[in-house]
$ cat structure-v8.cif   # mmCIF, C-alpha atoms
data_upload
#
loop_
_atom_site.label_atom_id
_atom_site.label_comp_id
_atom_site.auth_asym_id
_atom_site.auth_seq_id
_atom_site.Cartn_x
_atom_site.Cartn_y
_atom_site.Cartn_z
CA MET O 1 -33.54 -10.39 4.61
CA ASN O 2 -32.83 -9.97 8.30
CA VAL O 3 -29.50 -8.21 8.75
CA LYS O 4 -28.01 -6.52 11.77
CA SER O 5 -27.80 -2.76 11.87
CA GLU O 6 -24.37 -1.20 12.30
CA THR O 7 -25.12 -0.40 15.96
CA ASN O 8 -25.66 -4.09 16.76
CA TYR O 9 -22.18 -5.10 15.64
CA LYS O 10 -19.28 -4.99 18.05
CA LYS O 11 -16.92 -2.02 17.73
CA PHE O 12 -13.67 -4.01 17.67
CA TRP O 13 -12.73 -7.30 16.10
CA ASP O 14 -10.35 -8.04 19.00
CA GLU O 15 -10.82 -5.32 21.60
CA GLU O 16 -8.14 -6.51 24.03
CA ARG O 17 -5.51 -6.58 21.32
CA GLU O 18 -6.54 -3.37 19.57
CA THR O 19 -6.70 -1.23 22.73
CA ARG O 20 -3.57 -2.38 24.58
CA SER O 21 -1.27 0.26 25.98
CA LYS O 22 1.92 1.00 24.07
CA GLU O 23 3.96 -0.35 26.98
CA GLU O 24 2.13 -3.69 27.00
CA ARG O 25 2.34 -4.00 23.24
CA ASP O 26 6.06 -3.19 23.15
CA ILE O 27 6.74 -6.04 25.58
CA ILE O 28 4.89 -8.45 23.30
CA ILE O 29 6.73 -7.08 20.25
CA LEU O 30 10.15 -7.46 21.86
CA ASN O 31 9.39 -11.04 22.97
CA ARG O 32 8.28 -11.93 19.44
CA ILE O 33 11.36 -10.29 17.91
CA GLN O 34 13.68 -12.23 20.19
CA GLU O 35 11.92 -15.50 19.35
CA GLN O 36 11.98 -14.77 15.62
CA LEU O 37 15.68 -13.88 15.69
CA GLU O 38 16.53 -17.17 17.39
CA TYR O 39 14.41 -19.04 14.87
CA VAL O 40 15.83 -17.47 11.72
CA TYR O 41 19.43 -17.64 12.97
CA ASN O 42 19.23 -21.31 13.94
CA GLU O 43 16.88 -22.61 11.23
CA LEU O 44 17.27 -20.42 8.13
CA PRO O 45 20.74 -20.37 6.47
CA PHE O 46 20.03 -17.11 4.62
CA TYR O 47 19.75 -15.15 7.85
CA ARG O 48 22.60 -16.94 9.62
CA LYS O 49 24.95 -16.04 6.75
CA ILE O 50 23.95 -12.37 6.87
CA TYR O 51 24.09 -12.11 10.63
CA ASP O 52 27.45 -13.84 10.89
CA SER O 53 28.87 -11.47 8.27
CA HIS O 54 27.81 -8.57 10.51
CA ASN O 55 29.05 -10.23 13.72
CA PHE O 56 25.50 -10.19 15.02
CA LYS O 57 23.92 -12.72 17.40
CA PRO O 58 20.25 -12.84 18.44
CA SER O 59 21.26 -12.43 22.09
CA ASP O 60 22.52 -8.94 21.19
CA VAL O 61 18.91 -7.70 21.12
CA GLN O 62 17.65 -6.82 24.58
CA SER O 63 15.47 -3.86 23.59
CA LEU O 64 13.61 -2.46 20.59
CA ASP O 65 16.39 0.09 20.18
CA ASP O 66 18.90 -2.78 19.98
CA PHE O 67 16.80 -4.32 17.23
CA THR O 68 16.94 -1.17 15.10
CA GLU O 69 20.58 -0.40 15.80
CA LYS O 70 22.12 -3.87 15.58
CA VAL O 71 20.14 -6.02 13.13
CA PRO O 72 21.03 -5.65 9.44
CA ILE O 73 18.25 -5.09 6.91
CA ILE O 74 17.34 -7.36 4.03
CA THR O 75 16.29 -6.08 0.60
CA LYS O 76 14.36 -7.32 -2.42
CA LYS O 77 17.64 -7.68 -4.35
CA MET O 78 19.00 -9.95 -1.62
CA LEU O 79 15.89 -12.14 -1.76
CA VAL O 80 16.10 -12.46 -5.55
CA ALA O 81 19.82 -13.30 -5.42
CA GLU O 82 19.24 -15.88 -2.69
CA GLN O 83 16.52 -17.66 -4.67
CA LYS O 84 18.77 -17.70 -7.72
CA GLU O 85 21.60 -19.20 -5.69
CA ASN O 86 19.37 -21.64 -3.78
CA PRO O 87 16.31 -22.30 -5.97
CA ILE O 88 13.44 -22.17 -5.77
CA PHE O 89 12.48 -20.62 -2.43
CA GLY O 90 15.92 -19.71 -1.06
CA GLY O 91 17.56 -20.35 2.28
CA TYR O 92 14.85 -18.48 4.19
CA ALA O 93 11.99 -20.84 3.25
CA GLY O 94 11.89 -22.88 6.45
CA ASN O 95 11.66 -26.62 6.86
CA PHE O 96 8.06 -27.35 5.87
CA SER O 97 6.65 -30.49 4.29
CA GLU O 98 4.29 -30.17 1.33
CA ASP O 99 1.25 -31.03 3.43
CA GLU O 100 1.99 -28.03 5.66
CA ILE O 101 1.93 -25.50 2.79
CA ALA O 102 -1.29 -23.65 1.96
CA ARG O 103 -0.17 -21.35 -0.86
CA ILE O 104 2.66 -20.59 -3.27
CA HIS O 105 2.62 -17.02 -4.54
CA GLY O 106 5.16 -14.64 -5.98
CA SER O 107 6.03 -11.18 -7.16
CA SER O 108 4.84 -10.13 -10.61
CA GLY O 109 8.37 -10.45 -12.02
CA THR O 110 8.01 -7.27 -14.09
CA SER O 111 11.71 -6.49 -13.64
CA GLY O 112 12.96 -10.04 -14.07
CA THR O 113 12.41 -13.47 -12.51
CA PRO O 114 9.51 -13.58 -10.02
CA THR O 115 10.32 -14.02 -6.33
CA PHE O 116 8.42 -17.01 -4.94
CA TYR O 117 6.83 -17.26 -1.51
CA ARG O 118 5.46 -20.30 0.28
CA VAL O 119 2.90 -19.74 3.01
CA SER O 120 2.22 -22.45 5.56
CA LYS O 121 -1.32 -23.40 6.51
CA ASP O 122 -0.82 -22.03 10.02
CA ASP O 123 0.48 -18.74 8.66
CA TRP O 124 -2.29 -18.45 6.06
CA ASN O 125 -4.96 -19.08 8.66
CA ARG O 126 -3.50 -16.48 11.02
CA ALA O 127 -3.31 -13.93 8.23
CA ALA O 128 -7.04 -14.27 7.56
CA ASP O 129 -7.87 -13.15 11.08
CA VAL O 130 -5.50 -10.18 10.86
CA HIS O 131 -7.08 -9.08 7.56
CA ALA O 132 -10.50 -9.38 9.17
CA MET O 133 -9.37 -7.21 12.10
CA ALA O 134 -8.13 -4.55 9.69
CA GLN O 135 -11.23 -4.58 7.49
CA TRP O 136 -13.45 -4.43 10.57
CA ALA O 137 -11.61 -1.24 11.59
CA ALA O 138 -12.48 0.17 8.15
CA GLY O 139 -16.17 -0.44 8.86
CA ILE O 140 -16.70 -3.64 6.85
CA ARG O 141 -19.33 -5.94 8.37
CA PRO O 142 -21.02 -9.31 7.65
CA ASN O 143 -23.92 -7.59 5.86
CA ASP O 144 -21.58 -6.03 3.27
CA ILE O 145 -21.03 -7.21 -0.30
CA MET O 146 -17.42 -6.62 -1.39
CA GLN O 147 -16.50 -6.45 -5.06
CA ILE O 148 -12.75 -7.14 -5.26
CA ALA O 149 -11.02 -5.93 -8.42
CA PHE O 150 -7.46 -6.75 -7.44
CA PRO O 151 -5.83 -9.56 -9.47
CA PHE O 152 -6.22 -13.18 -8.36
CA ALA O 153 -3.05 -14.74 -9.74
CA LEU O 154 0.61 -15.29 -8.82
CA PHE O 155 0.82 -11.87 -7.14
CA PHE O 156 -0.78 -11.82 -3.67
CA GLY O 157 -3.03 -9.01 -4.93
CA GLY O 158 -6.62 -9.55 -3.87
CA TRP O 159 -6.12 -12.79 -1.98
CA GLY O 160 -5.62 -11.09 1.39
CA VAL O 161 -8.63 -8.85 0.81
CA LEU O 162 -10.69 -11.95 0.02
CA GLN O 163 -9.38 -13.69 3.15
CA GLY O 164 -10.52 -10.85 5.37
CA ALA O 165 -13.95 -10.57 3.80
CA GLU O 166 -14.56 -14.29 4.16
CA ARG O 167 -13.36 -14.35 7.79
CA ILE O 168 -15.67 -11.44 8.66
CA GLY O 169 -18.55 -13.22 6.95
CA ALA O 170 -19.14 -10.55 4.33
CA THR O 171 -20.30 -11.57 0.86
CA ALA O 172 -17.26 -11.69 -1.44
CA PHE O 173 -17.64 -10.85 -5.12
CA PRO O 174 -14.11 -11.39 -6.53
CA THR O 175 -14.15 -10.09 -10.09
CA GLY O 176 -10.47 -9.24 -10.42
CA PRO O 177 -9.50 -6.63 -13.03
CA MET O 178 -11.56 -7.00 -16.18
CA GLU O 179 -12.82 -5.07 -19.19
CA THR O 180 -14.12 -1.73 -17.88
CA GLU O 181 -17.67 -1.92 -19.21
CA ARG O 182 -18.09 -5.42 -17.78
CA GLN O 183 -16.77 -4.36 -14.37
CA LEU O 184 -19.25 -1.49 -14.23
CA ASP O 185 -22.13 -3.61 -15.51
CA LEU O 186 -21.53 -6.14 -12.75
CA LEU O 187 -21.19 -3.42 -10.14
CA PHE O 188 -24.62 -2.00 -10.96
CA LYS O 189 -26.22 -5.46 -11.19
CA ILE O 190 -24.85 -6.95 -7.96
CA ARG O 191 -24.85 -3.61 -6.07
CA PRO O 192 -21.89 -4.16 -3.73
CA THR O 193 -21.48 -1.92 -0.69
CA VAL O 194 -17.66 -2.13 -0.74
CA PHE O 195 -15.32 -1.92 -3.73
CA SER O 196 -11.64 -2.81 -3.45
CA ALA O 197 -8.91 -1.96 -5.98
CA THR O 198 -6.00 0.43 -6.57
CA PRO O 199 -6.75 4.17 -6.27
CA SER O 200 -5.84 4.61 -9.95
CA TYR O 201 -8.29 1.93 -11.08
CA CYS O 202 -11.06 3.41 -8.93
CA LEU O 203 -10.47 6.82 -10.50
CA HIS O 204 -10.50 5.22 -13.93
CA LEU O 205 -13.85 3.51 -13.22
CA ALA O 206 -15.38 6.72 -11.85
CA LYS O 207 -14.46 8.57 -15.05
CA LYS O 208 -15.54 5.77 -17.41
CA GLY O 209 -18.73 5.16 -15.48
CA LYS O 210 -19.74 8.79 -15.83
CA GLU O 211 -18.95 8.71 -19.57
CA LEU O 212 -21.15 5.62 -19.98
CA GLY O 213 -24.07 7.23 -18.18
CA TYR O 214 -23.77 5.53 -14.78
CA ASP O 215 -24.58 7.60 -11.69
CA MET O 216 -21.32 6.70 -9.93
CA ALA O 217 -21.67 9.26 -7.14
CA ASN O 218 -24.97 7.65 -6.08
CA CYS O 219 -24.11 3.98 -6.63
CA SER O 220 -24.46 1.25 -4.02
CA VAL O 221 -20.79 1.45 -2.90
CA LYS O 222 -20.36 3.10 0.51
CA ARG O 223 -16.70 2.28 1.12
CA LEU O 224 -13.64 2.07 -1.12
CA LEU O 225 -10.85 -0.15 0.23
CA VAL O 226 -7.82 0.90 -1.80
CA GLY O 227 -4.15 -0.13 -1.86
CA GLY O 228 -1.35 -1.46 -4.01
CA GLU O 229 0.11 2.00 -4.66
CA ALA O 230 0.48 5.37 -2.99
CA GLY O 231 -2.51 7.65 -3.48
CA GLY O 232 -5.28 6.53 -1.16
CA SER O 233 -4.11 8.92 1.56
CA LEU O 234 -3.24 11.88 -0.69
CA PRO O 235 -5.83 14.58 0.16
CA ASN O 236 -6.74 15.54 -3.40
CA THR O 237 -6.76 11.96 -4.70
CA LYS O 238 -8.95 10.95 -1.78
CA LYS O 239 -11.28 13.87 -2.46
CA ALA O 240 -11.56 12.89 -6.13
CA LEU O 241 -12.38 9.30 -5.14
CA GLU O 242 -14.95 10.38 -2.53
CA GLU O 243 -16.70 12.72 -4.95
CA GLY O 244 -16.48 10.32 -7.88
CA TRP O 245 -17.95 7.39 -5.98
CA GLY O 246 -19.94 9.08 -3.22
CA ALA O 247 -18.13 6.77 -0.79
CA SER O 248 -15.65 6.92 2.08
CA VAL O 249 -12.06 5.96 1.19
CA HIS O 250 -9.93 3.63 3.33
CA ASP O 251 -6.28 3.35 2.39
CA CYS O 252 -4.30 0.15 2.93
CA ALA O 253 -0.54 0.75 3.01
CA SER O 254 1.33 -2.44 2.20
CA THR O 255 4.19 -4.13 0.38
CA SER O 256 4.00 -7.53 -1.30
CA GLU O 257 6.97 -9.06 0.56
CA MET O 258 5.11 -8.75 3.86
CA TYR O 259 1.93 -10.41 2.64
CA PRO O 260 -0.23 -12.14 3.62
CA PHE O 261 0.17 -10.34 6.96
CA GLN O 262 0.56 -6.75 5.78
CA THR O 263 -2.76 -5.29 6.86
CA ASN O 264 -2.25 -1.62 7.68
CA VAL O 265 -5.58 0.14 7.13
CA GLU O 266 -7.37 3.45 7.57
CA CYS O 267 -10.19 3.15 10.08
CA VAL O 268 -13.60 4.83 10.11
CA ALA O 269 -12.17 7.84 12.01
CA HIS O 270 -9.96 8.76 8.99
CA GLN O 271 -6.99 9.87 11.09
CA GLY O 272 -4.39 7.91 9.18
CA VAL O 273 -3.46 4.31 8.44
CA HIS O 274 -3.27 2.05 11.50
CA VAL O 275 -0.08 -0.02 11.69
CA TYR O 276 -0.62 -3.42 13.32
CA THR O 277 2.79 -3.47 14.94
CA ASP O 278 2.21 -6.59 17.03
CA GLU O 279 1.75 -8.55 13.77
CA VAL O 280 4.14 -6.82 11.39
CA TYR O 281 6.49 -4.53 13.28
CA ALA O 282 7.18 -1.25 11.47
CA GLU O 283 10.13 1.05 12.06
CA ILE O 284 10.63 4.50 10.52
CA VAL O 285 14.36 4.87 9.95
CA HIS O 286 16.81 7.30 8.40
CA ARG O 287 16.67 7.01 4.63
CA GLU O 288 20.46 6.77 4.39
CA ASN O 289 21.03 4.59 7.47
CA PRO O 290 18.41 1.95 8.31
CA ASN O 291 20.04 1.34 11.71
CA VAL O 292 19.04 4.81 12.90
CA ARG O 293 15.45 5.27 14.00
CA VAL O 294 13.87 8.69 13.44
CA GLU O 295 11.50 10.37 15.89
CA SER O 296 7.72 10.27 15.63
CA GLY O 297 6.55 12.78 13.05
CA VAL O 298 9.81 12.69 11.06
CA ARG O 299 9.78 11.25 7.55
CA GLY O 300 11.93 8.22 6.82
CA GLY O 301 12.08 4.79 5.23
CA ILE O 302 9.79 2.00 6.44
CA VAL O 303 11.36 -1.26 7.63
CA TYR O 304 9.02 -4.22 8.32
CA THR O 305 9.37 -7.43 10.35
CA HIS O 306 7.11 -10.48 10.53
CA LEU O 307 6.59 -11.25 14.21
CA TRP O 308 4.69 -14.53 13.81
CA ARG O 309 5.25 -15.86 10.31
CA LYS O 310 7.50 -18.93 10.14
CA SER O 311 7.29 -19.72 6.41
CA GLN O 312 9.72 -17.33 4.71
CA PRO O 313 9.64 -14.62 7.38
CA MET O 314 10.96 -11.16 6.56
CA ILE O 315 13.11 -9.72 9.36
CA ARG O 316 13.91 -6.01 8.97
CA PHE O 317 12.85 -5.85 5.33
CA TRP O 318 13.64 -2.53 3.64
CA SER O 319 10.39 -1.69 1.83
CA GLY O 320 11.66 1.36 -0.04
CA ASP O 321 8.54 3.26 1.05
CA GLU O 322 8.61 6.61 2.82
CA SER O 323 6.31 7.78 5.59
CA TYR O 324 6.18 9.06 9.15
CA ILE O 325 4.45 7.73 12.24
CA ALA O 326 2.22 9.11 14.99
CA ASP O 327 1.79 7.38 18.35
CA GLU O 328 -1.25 9.21 19.75
CA THR O 329 -4.37 7.12 20.28
CA CYS O 330 -6.87 7.43 17.44
CA SER O 331 -10.37 8.70 18.23
CA CYS O 332 -11.68 5.28 17.17
CA GLY O 333 -10.12 3.92 20.39
CA ARG O 334 -7.42 1.81 18.75
CA THR O 335 -3.99 2.36 20.27
CA TYR O 336 -1.91 1.18 17.32
CA PRO O 337 0.42 3.82 15.85
CA ARG O 338 -0.68 5.47 12.62
CA LEU O 339 0.78 6.70 9.36
CA PRO O 340 -1.13 10.04 9.28
CA GLU O 341 -0.70 10.42 5.51
CA GLY O 342 -0.27 6.76 4.62
CA VAL O 343 2.69 5.86 2.41
CA LEU O 344 4.03 9.07 0.91
CA GLY O 345 5.75 7.31 -1.98
CA ARG O 346 8.73 5.14 -2.82
CA LEU O 347 12.19 6.44 -2.05
CA ASP O 348 13.52 4.87 -5.25
CA ASP O 349 10.80 6.65 -7.27
CA MET O 350 12.05 10.02 -6.11
CA LEU O 351 13.38 12.19 -8.92
CA ILE O 352 16.18 14.68 -8.38
CA ILE O 353 15.55 17.58 -10.74
CA ARG O 354 18.04 20.46 -10.58
CA GLY O 355 18.79 19.63 -6.95
CA ALA O 356 15.16 19.34 -5.85
CA ASN O 357 13.70 16.08 -4.53
CA ILE O 358 10.48 15.41 -6.44
CA TYR O 359 8.07 12.65 -5.42
CA PRO O 360 5.41 11.42 -7.87
CA SER O 361 2.90 11.45 -5.00
CA ALA O 362 3.48 15.19 -4.50
CA VAL O 363 2.84 15.80 -8.20
CA GLU O 364 -0.30 13.66 -8.05
CA ASN O 365 -1.70 15.61 -5.13
CA ILE O 366 -1.30 18.84 -7.13
CA VAL O 367 -2.78 17.39 -10.33
CA ARG O 368 -5.83 16.09 -8.46
CA SER O 369 -6.53 19.61 -7.14
CA PHE O 370 -7.51 20.87 -10.61
CA GLN O 371 -11.22 20.63 -11.37
CA TRP O 372 -10.48 20.08 -15.07
CA SER O 373 -7.89 17.27 -14.71
CA GLY O 374 -8.72 13.69 -15.64
CA PRO O 375 -7.53 10.51 -13.90
CA GLU O 376 -4.37 10.05 -15.99
CA PHE O 377 -1.14 12.03 -15.88
CA GLN O 378 2.51 11.34 -16.67
CA ILE O 379 5.84 12.70 -15.41
CA ILE O 380 8.70 12.83 -17.91
CA ALA O 381 12.28 13.53 -16.80
CA GLU O 382 14.88 14.21 -19.47
CA LYS O 383 18.24 15.89 -20.03
CA LYS O 384 18.29 19.17 -21.96
CA GLY O 385 21.93 20.14 -22.41
CA GLU O 386 23.48 20.17 -18.96
CA LEU O 387 20.18 20.54 -17.11
CA ASP O 388 17.52 18.10 -15.98
CA GLU O 389 14.03 19.07 -17.09
CA MET O 390 10.64 17.79 -15.98
CA THR O 391 7.42 17.75 -17.99
CA VAL O 392 4.00 16.80 -16.66
CA LYS O 393 1.36 15.66 -19.13
CA ILE O 394 -2.13 16.07 -17.70
CA GLU O 395 -5.29 14.64 -19.18
CA CYS O 396 -8.25 17.03 -19.20
CA LEU O 397 -11.83 15.98 -18.47
CA GLU O 398 -13.68 18.33 -20.79
CA GLU O 399 -14.36 17.13 -24.32
CA LYS O 400 -14.85 20.61 -25.76
CA TYR O 401 -12.39 23.39 -25.04
CA SER O 402 -10.65 26.28 -26.77
CA GLU O 403 -6.96 26.96 -27.20
CA GLU O 404 -7.47 29.87 -24.83
CA GLN O 405 -8.88 27.50 -22.19
CA ILE O 406 -5.91 25.14 -22.60
CA GLY O 407 -3.58 28.10 -22.13
CA THR O 408 -5.34 29.06 -18.90
CA TRP O 409 -5.13 25.49 -17.53
CA LYS O 410 -1.47 25.21 -18.50
CA GLN O 411 -0.63 28.50 -16.78
CA GLU O 412 -2.53 27.45 -13.63
CA ALA O 413 -0.80 24.08 -13.46
CA GLU O 414 2.71 25.40 -14.09
CA ALA O 415 2.29 28.08 -11.43
CA LYS O 416 1.00 25.67 -8.77
CA LEU O 417 3.66 23.05 -9.52
CA LYS O 418 6.40 25.67 -9.27
CA VAL O 419 5.13 26.98 -5.93
CA ASN O 420 4.72 23.52 -4.38
CA LEU O 421 7.75 21.74 -5.87
CA GLY O 422 10.17 24.64 -5.90
CA ILE O 423 11.23 24.20 -9.55
CA ARG O 424 9.94 25.21 -12.96
CA VAL O 425 7.91 22.44 -14.60
CA LYS O 426 6.61 22.33 -18.16
CA VAL O 427 2.97 21.25 -18.47
CA ILE O 428 1.31 19.71 -21.53
CA ILE O 429 -2.49 19.36 -21.57
CA VAL O 430 -3.70 16.33 -23.54
CA LYS O 431 -7.11 15.03 -24.54
CA THR O 432 -8.80 12.21 -22.68
CA GLY O 433 -7.56 8.89 -24.06
CA VAL O 434 -4.12 10.07 -25.16
CA LEU O 435 -2.43 8.60 -22.09
CA ASP O 436 -2.67 4.87 -21.37
CA GLU O 437 -5.61 4.00 -19.13
CA THR O 438 -4.84 2.48 -15.74
CA ILE O 439 -6.25 -1.02 -15.36
CA PHE O 440 -4.30 -2.06 -12.27
CA LYS O 441 -1.30 -0.03 -11.02
CA ALA O 442 -0.47 3.32 -12.53
CA LYS O 443 2.94 3.88 -14.14
CA ARG O 444 3.39 7.60 -13.85
CA VAL O 445 7.12 8.24 -14.34
CA VAL O 446 9.16 8.07 -17.55
CA ASP O 447 12.83 8.85 -16.84
CA LEU O 448 14.68 9.39 -20.12
CA ARG O 449 17.97 10.60 -18.63
#
$ encode --input "structure-v8.cif" --output "structure tokens"
Amino acid sequence: MNVKSETNYKKFWDEERETRSKEERDIIILNRIQEQLEYVYNELPFYRKIYDSHNFKPSDVQSLDDFTEKVPIITKKMLVAEQKENPIFGGYAGNFSEDEIARIHGSSGTSGTPTFYRVSKDDWNRAADVHAMAQWAAGIRPNDIMQIAFPFALFFGGWGVLQGAERIGATAFPTGPMETERQLDLLFKIRPTVFSATPSYCLHLAKKGKELGYDMANCSVKRLLVGGEAGGSLPNTKKALEEGWGASVHDCASTSEMYPFQTNVECVAHQGVHVYTDEVYAEIVHRENPNVRVESGVRGGIVYTHLWRKSQPMIRFWSGDESYIADETCSCGRTYPRLPEGVLGRLDDMLIIRGANIYPSAVENIVRSFQWSGPEFQIIAEKKGELDEMTVKIECLEEKYSEEQIGTWKQEAEAKLKVNLGIRVKVIIVKTGVLDETIFKAKRVVDLR
């Protein structure tokens, strides 16, 4: 088969766009924001109602600072309430005929009624090119075979990943999540060069593959494209993935409400997750006040805005994710800002234990640093008398071990958690298989308070 070598492919998918100066890009962003504000205020009753209640008019925004300071946020709860009041797509759907709609998708509905999203054909087509641009930055090329183990169902899941692969011209192998042995059997038969799934599922497959006798660290996969949960940018999780698969890891930081355009991705330079701000504008704001922007390098909540989407656009959507941003140009040559450590975790997942703010992602990074720890762990918060207590159950890799060895591991884990988290944490070491295996997204926290 005659395929191009890596050196014969162009470096950028869209060089002019990806290497623009910040000043040029900010002008484009502001123009798109102003156009979107006029559109949603005049055409979408949901936004007009919110803006009128805040005495806001689109003409109030004459700068990016105005946008942050003056435009109210929207939240997932507001979207759900709006669709309940104005079924089925809510007053932010846009005036589109059925022959203009490409897709109807929705949230998983795990906490109640799913939120539904219509995507117009124009929007869907644009999203494919943006996904291709992001995947190209991660090193994916037409001669790659990509096995995609994200779900293909109501949830947007793997659909955007598939879009990008197809637009690039790579060979797509969309398996979705399936029985573990079958997934691994197909992987070693088809021999993909890229595997895409959640970090938790990739860790699960690395562990199971080794148990079943597969040489995972020397398999055909050269790149892991991971997303759907925090973890792909955590140093120790990334190290475990790299060693388990013998592949480079590229994190995709996203949230389902911004799909199909949410395409932040870690490039081949591995200096953080690029944020495509001229497609989906990202602001890092104060966690208690979303109308206050924080400086570069300071942690805060992420607020997203669709700059081009007309079918159900999200304008200043509060994602609930926490991160910080860096503006320096990446060594890959792309001038987009970056999330140096990806998404750090969800603000609403944060646990307050005896006055300390504890993020599951921080616990994960510590757990992954132990050579003996398996892919599964669980955080349990409970009330003991007047005090909050936290227990971390950690699965061990070794099948044979002594009580003395367990005691050593427990002491090591409790000491490291105390130093890094600032509070005393009880650790319980459990055998492999005691904790539920992760097939898609991991559920790490059990709050019993």
$ resolve_selection --input "structure-v8.cif" --expression "the PyMOL selection byres ((chain O and resi 75-86) around 9)" --output "list in words"
Phe46, Ile73, Ile74, Pro87, Ile88, Phe89, Gly90, Gly91, Tyr92, Thr113, Pro114, Thr115, Phe116, Glu257, Arg316, Phe317, Trp318, Ser319 and Gly320 of chain O
$ closest_residue --input "structure-v8.cif" --among "O:Tyr259, O:Ala93, O:Val392, O:Ser63" --to "O:Pro45" --atoms "only C-alpha atoms"
O:Ala93
$ closest_atom_pairs --input "structure-v8.cif" --of "stretch 315-421 of chain O" --to "stretch 218-235 of chain O" --cutoff "9 Å" --atoms "all atoms listed in the file" --output "CSV"
residue,atom,partner,partner_atom,distance
O:Pro340,CA,O:Ser233,CA,8.4
O:Glu341,CA,O:Ser233,CA,5.4
O:Gly342,CA,O:Ser233,CA,5.4
O:Val343,CA,O:Ala230,CA,5.9
O:Leu344,CA,O:Ala230,CA,6.4
O:Gly345,CA,O:Ala230,CA,5.7
O:Arg346,CA,O:Ala230,CA,8.3
O:Ser361,CA,O:Gly231,CA,6.8
O:Ala362,CA,O:Leu234,CA,8.4
O:Glu364,CA,O:Gly231,CA,7.9
O:Asn365,CA,O:Leu234,CA,6.0
O:Arg368,CA,O:Pro235,CA,8.8
O:Ser369,CA,O:Pro235,CA,8.9
$ residues_around --input "structure-v8.cif" --residues "O:Val130" --least-positions-apart "4" --cutoff "9 Å" --atoms "all atoms listed in the file" --output "ChimeraX atom specification"
/O:126,134-135,164,261-263,276,279
$ resolve_selection --input "structure-v8.cif" --expression "the PyMOL selection byres ((chain O and resi 243-250) around 10)" --output "JSON, numbers by chain"
{"O": [135, 137, 138, 139, 193, 194, 195, 196, 199, 202, 203, 204, 205, 206, 207, 209, 210, 215, 216, 217, 218, 219, 220, 221, 222, 223, 224, 225, 226, 227, 232, 233, 237, 238, 239, 240, 241, 242, 251, 252, 253, 265, 266, 267, 268, 269, 270, 272, 273]}
$ resolve_selection --input "structure-v8.cif" --expression "the PyMOL selection byres ((chain O and resi 96) around 12)" --output "list in words"
Glu43, Leu44, Phe89, Tyr92, Ala93, Gly94, Asn95, Ser97, Glu98, Asp99, Glu100, Ile101, Ala102, Arg118, Val119, Ser120, Lys121, Asp122, Asp123, Lys310, Ser311 and Gln312 of chain O
$ residues_around --input "structure-v8.cif" --residues "O:Glu395" --least-positions-apart "4" --cutoff "9 Å" --atoms "only C-alpha atoms" --output "PyMOL selection string"
chain O and resi 372-378+428-435
$ residues_near_point --input "structure-v8.cif" --point "(-1.1, -12.6, -8.6)" --cutoff "12 Å" --atoms "all atoms listed in the file" --output "PyMOL selection string"
chain O and resi 103-110+114-117+149-160+176-177+256+259+440
$ closest_residue --input "structure-v8.cif" --among "O:Glu382, O:Lys70, O:Ser254, O:Thr171" --to "O:Thr198" --atoms "only C-alpha atoms"
O:Ser254
$ closest_residue --input "structure-v8.cif" --among "O:Arg191, O:Arg309, O:Lys393, O:Arg141" --to "O:Val445" --atoms "all atoms listed in the file"
O:Lys393
$ residues_around --input "structure-v8.cif" --residues "stretch 412-422 of chain O" --least-positions-apart "5" --cutoff "9 Å" --atoms "only C-alpha atoms" --output "number ranges by chain"
O: 356-358, 362-363, 366-367, 370, 407, 427
$ atom_distance --input "structure-v8.cif" --atom1 "atom CA of O:Leu307" --atom2 "atom CA of O:Val294"
21.2 Å
$ residues_around --input "structure-v8.cif" --residues "O:Gly297" --least-positions-apart "4" --cutoff "7 Å" --atoms "all atoms listed in the file" --output "ChimeraX atom specification"
/O:324-326
$ residues_near_point --input "structure-v8.cif" --point "(-9.6, 3.4, -16.6)" --cutoff "7 Å" --atoms "only C-alpha atoms" --output "list in words"
Thr180, Tyr201, His204, Leu205, Lys208, Glu437, Thr438 and Ile439 of chain O
$ atom_distance --input "structure-v8.cif" --atom1 "atom CA of O:Ser402" --atom2 "atom CA of O:Glu211"
20.7 Å
$ closest_residue --input "structure-v8.cif" --among "O:Leu387, O:Ile315, O:Asp447, O:Ile380" --to "O:Tyr47" --atoms "all atoms listed in the file"
O:Ile315
$ atom_distance --input "structure-v8.cif" --atom1 "atom CA of O:Phe67" --atom2 "atom CA of O:Lys22"
17.2 Å
$ closest_residue --input "structure-v8.cif" --among "O:Asp349, O:Asp60, O:Glu283, O:Asp65" --to "O:Gly301" --atoms "all atoms listed in the file"
O:Glu283
$ residues_around --input "structure-v8.cif" --residues "O:Ala282" --least-positions-apart "5" --cutoff "9 Å" --atoms "all atoms listed in the file" --output "PyMOL selection string"
chain O and resi 275-277+302-305+316
$ closest_residue --input "structure-v8.cif" --among "O:Gln183, O:Gln163, O:Ser21, O:Ser323" --to "O:Arg287" --atoms "all atoms listed in the file"
O:Ser323
